[in-house]
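What follows is a short report on a single structure.
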Amino acid sequence: MKSSIFKHPPFLHFLLGRASFSFIDSVMSVALAWHLYQATKDPFDLALVGLFQITPVLALFLVTGWVVDHVSRKKILICGALVQLAVVISIAVIMQDPTFNKWHLLLLISVYGTGKAFMSPALQAILPNLVTKNQLNQSLAITSTVWNIALTVGPFVAGLMIAWVDLLVYWLLVVMSFVAFISFLRLPAIGPANHSQAGRKDLLGGFRFLKINPIVLGSLSLDLCIVLLGSVVALLPIYAADILHVGPTGLGMLRAMPAIGAVLIGLYLSHFKSEFAHTGHTLFIALGIFALSVITFAFSTTLWLSAVALFVYGASDMFSVVIRSAVVQHNTPDKLRGRVSAVNSIFIACSNQLGDFRAGSLAAAMGPVNAAMLGGTCALFIAVGGALTFRDLRQLKSAREENKSSSFVS
C-alpha cells in the first residue's frame with residue numbers, strides 16, 4: 001500500500017471522522033436492537049427501528065443531493081455531526097429509564113436519520129475533493145476498509161458493554177460523536193461544487209445522469225434488490241437469543257463477522273487490487289456468493305457455521321461496495337456528485353434499513369428461519385437473472401471505462 005496517502009492530513013481527518021461516524025452507527029444499532037427487543041419481545045419493533053431511520057432519507061434525498069452540490073460539503077458534515085451528538089446525548093438520557101417510551105426513542109432515531117440523510121451523500125461526495133485522482137482508488141479502498149473495521153469493533157464493543165455496563169454504553173457514543181465533530185471541523189475549507197440556480201431539472205440531475213449511464217444504474221439497482229431481499233442483520237438479535245442461545249456477547253460476534261469478512265477483503269484490495277480485470281463478472285460472482293451465504297445462515301443452528309456464513313456474507317458484499325464506489329466516483333462530474341451520491345444513498349439505505357424492515361416483518365409473520373431462507377432464495381434469483389439481463393454490466397472490463405455520461409453536466 002502506498003504510504004503517501006497517510007501523510008495527507010485532510011484525508012486522515014476525514015478518515016477519523018468517517019470511522020467515528022460508522023462506529024457510532026454500528027454500536028447504536030446493536031444496542032438499540034437488543035434493549036428494544038428485551039423490553040418488548042416483539043420482532044416488529046426491530047423493523048420499526050429501520051423504518052424510522054430510513055423515512056427521512058427517502059423523503060429528503062432530492063433536497064439533500066442538491067444541498068451537497070450547492071453548499072460546502074465540510075459545513076454539511078459539521079452540522080450533521082452536531083445533530084448526531086445532540087441525538088446521542090438524548091438517547092443516552094432517556095435510555096437510563098428502564099420504562100422508556102419506545103415512541104420517544106423512535107422519534108430520536110428519526111431525527112438521527114434526518115442528519116444521516118445529509119451526511120451520507122456528503123461523505124461520499126467529499127472524498128474526491130480531498131485527494132488527487134491518482135489517489136482516489138486507493139483512498140476508496142482504505143475508506144471502505146476503515147469503515148468496516150469500525151463496524152467490526154462496534155458490535156464487539158456493543159456486546160461487551162451491554163454485558164458489562166448495560167445502558168451506559170450510550171455514553172460511549174457521546175464521546176465518539178464529539179470525536180467525529182472535531183475531525184470534520186479540521187477539514188480544509190471546501191466551497192460549493194455547483195453554483196447553478198435551483199430548479200426541477202437541477203434537482204433531478206442525479207436521476208438524469210443515471211438514465212444515460214446504464215452500467216452505473218444496473219450495478220446500483222442489483223445491489224439494492226439483492227441486499228434488500230437478502231439482508232439478515234435485523235434477525236441477529238432473534239438468532240442470538242432464541243435460536244443459537246448465545247446472549248449479547250454472541251450477538252456482538254454475529255454482528256461483527258460480516259464486517260471482519262469485509263475488512264479482510266478490503267485490505268486485500270488496498271494492497272494488491274486497485275483495479276479488477278473483469279469488473280462485471282466479479283460483481284455477479286460476488287452477488288451469487290452473497291445469496292448462498294444467506295441461505296446457509298438461514299439453516300444454521302450452530303454458532304460457528306452461522307459465523308462462517310456471515311463472514312462470507314460480508315466478504316462478498318465488499319466486492320460489490322468497491323466496484324460500485326469506483327464506477328460512481330470515476331464517472332461522475334464533481335458538480336453532480338452530490339445528487340448522484342444522494343441517489344446512491346437511497347439505494348444503500350433501502351437495501352439496509354428497508355432490508356431490516358422486510359426481515360423483521362417476515363420474521364414476525366413466518367418466523368426468522370423462513371424469513372432468512374426466503375430472502376436468500378430471492379437474492380439468488382436476482383443474481384442469476386441480473387447476469388442474464390444486464391449484458392453490458394456483465395461484460396464491463398474496468399470501473400474506469402468511460403461513456404457518454406462522463407460529459408454530462410447540469
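Ordering of the C-alpha cells sets the chain letters (A, B, ...), residue numbers begin anew at 1 in every chain, and ligands are numbered from 1 in the order given.
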Practice item. Please identify all polymer residues within 10 Å of A:Asp392, counting only C-alpha atoms, omitting same-chain residues fewer than 6 positions from it, and present them as a list in words. Key: Pro214, Ile215, Gly218 and Gly280 of chain A
Expected file contents, prior selection, C-alpha atoms, as a PDB file, in the first residue's frame:
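As a result, out-v5.pdb now contains:
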ATOM      1  CA  PRO A 214     -26.895   2.014 -17.616  1.00  0.00           C
ATOM      2  CA  ILE A 215     -23.726   0.422 -16.212  1.00  0.00           C
ATOM      3  CA  GLY A 218     -27.541  -1.536 -13.289  1.00  0.00           C
ATOM      4  CA  GLY A 280     -18.733  -7.123 -14.353  1.00  0.00           C
TER       5      GLY A 280
END
Can you list every residue of stretch 129-235 of chain A that has an atom at most 10 Å from stretch 243-253 of chain A, with its nearest atom pair and the distance in Å to one decimal, using only C-alpha atoms, ordered by chain then number, as a Markdown table?
| residue | atom | partner | partner_atom | distance |
| --- | --- | --- | --- | --- |
| A:Thr152 | CA | A:Met253 | CA | 8.8 |
| A:Val153 | CA | A:Gly252 | CA | 9.2 |
| A:Gly154 | CA | A:Gly252 | CA | 8.2 |
| A:Pro155 | CA | A:Gly252 | CA | 4.5 |
| A:Phe156 | CA | A:Gly252 | CA | 4.7 |
| A:Val157 | CA | A:Gly252 | CA | 7.4 |
| A:Ala158 | CA | A:Gly252 | CA | 6.4 |
| A:Gly159 | CA | A:Gly252 | CA | 4.4 |
| A:Leu160 | CA | A:Thr249 | CA | 5.8 |
| A:Met161 | CA | A:Thr249 | CA | 8.9 |
| A:Ile162 | CA | A:Pro248 | CA | 6.9 |
| A:Ala163 | CA | A:Pro248 | CA | 6.5 |
| A:Trp164 | CA | A:Thr249 | CA | 9.9 |
Expected file: the selected residues, N, CA and C atoms, as a tab-separated table (two decimals), in the first residue's frame:
chain	number	residue	atom	x	y	z
A	152	THR	N	-16.62	-3.63	12.60
A	152	THR	CA	-16.15	-4.82	13.28
A	152	THR	C	-16.00	-4.56	14.77
A	153	VAL	N	-15.33	-3.47	15.12
A	153	VAL	CA	-15.11	-3.14	16.52
A	153	VAL	C	-16.42	-2.79	17.21
A	154	GLY	N	-17.29	-2.08	16.51
A	154	GLY	CA	-18.53	-1.62	17.10
A	154	GLY	C	-19.39	-2.71	17.71
A	155	PRO	N	-19.73	-3.77	16.96
A	155	PRO	CA	-20.56	-4.83	17.55
A	155	PRO	C	-19.91	-5.54	18.73
A	156	PHE	N	-18.58	-5.78	18.65
A	156	PHE	CA	-17.89	-6.39	19.78
A	156	PHE	C	-17.99	-5.50	21.01
A	157	VAL	N	-17.73	-4.21	20.80
A	157	VAL	CA	-17.81	-3.26	21.91
A	157	VAL	C	-19.23	-3.20	22.44
A	158	ALA	N	-20.21	-3.17	21.53
A	158	ALA	CA	-21.60	-3.12	21.96
A	158	ALA	C	-21.98	-4.34	22.79
A	159	GLY	N	-21.63	-5.53	22.29
A	159	GLY	CA	-21.96	-6.75	23.02
A	159	GLY	C	-21.30	-6.80	24.39
A	160	LEU	N	-20.01	-6.46	24.44
A	160	LEU	CA	-19.29	-6.49	25.72
A	160	LEU	C	-19.82	-5.43	26.68
A	161	MET	N	-20.06	-4.22	26.16
A	161	MET	CA	-20.52	-3.13	27.02
A	161	MET	C	-21.94	-3.38	27.54
A	162	ILE	N	-22.78	-3.99	26.70
A	162	ILE	CA	-24.13	-4.34	27.17
A	162	ILE	C	-24.04	-5.36	28.30
A	163	ALA	N	-23.13	-6.34	28.14
A	163	ALA	CA	-22.96	-7.36	29.17
A	163	ALA	C	-22.35	-6.78	30.44
A	164	TRP	N	-21.43	-5.81	30.31
A	164	TRP	CA	-20.71	-5.28	31.47
A	164	TRP	C	-21.42	-4.10	32.13
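Nearest residue to A:His281 among A:Asn137, A:Thr40, A:Ser219, A:Thr114 is A:Ser219, counting only C-alpha atoms.
Proximity to A:Val294 at 8 Å, evaluated using only C-alpha atoms and with sequence-adjacent residues fewer than 2 positions away removed, yields A:Gly230, A:Ser231, A:Val232, A:Phe290, A:Ala291, A:Leu292, A:Thr296, A:Phe297, A:Ala298, A:Ala309, A:Leu310, A:Tyr313, A:Ala372, A:Met373, A:Gly375, A:Gly376.
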Review point. So which bits of stretch 172-401 of chain A end up alpha helix (DSSP H) when you DSSP the backbone, as an MDAnalysis selection string?
Key: chainID A and resid 172:185 200:203 205:211 214:230 236:238 247:272 279:299 303:330 337:349 355:366 368:389 391:394
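Among A:Ile260, A:Leu36, A:Leu393, A:Leu16, the residue with the shortest atom-to-atom distance to A:Asn213, counting only C-alpha atoms, is A:Leu393.
Note that the spacing between atom CA of A:Arg18 and atom CA of A:Ala81 amounts to 10.5 Å.
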**Study point:** Distance criterion (only C-alpha atoms): nearest to A:Ser29 out of A:Phe61, A:Val169, A:Ala86, A:Val131
**Key:** A:Val169
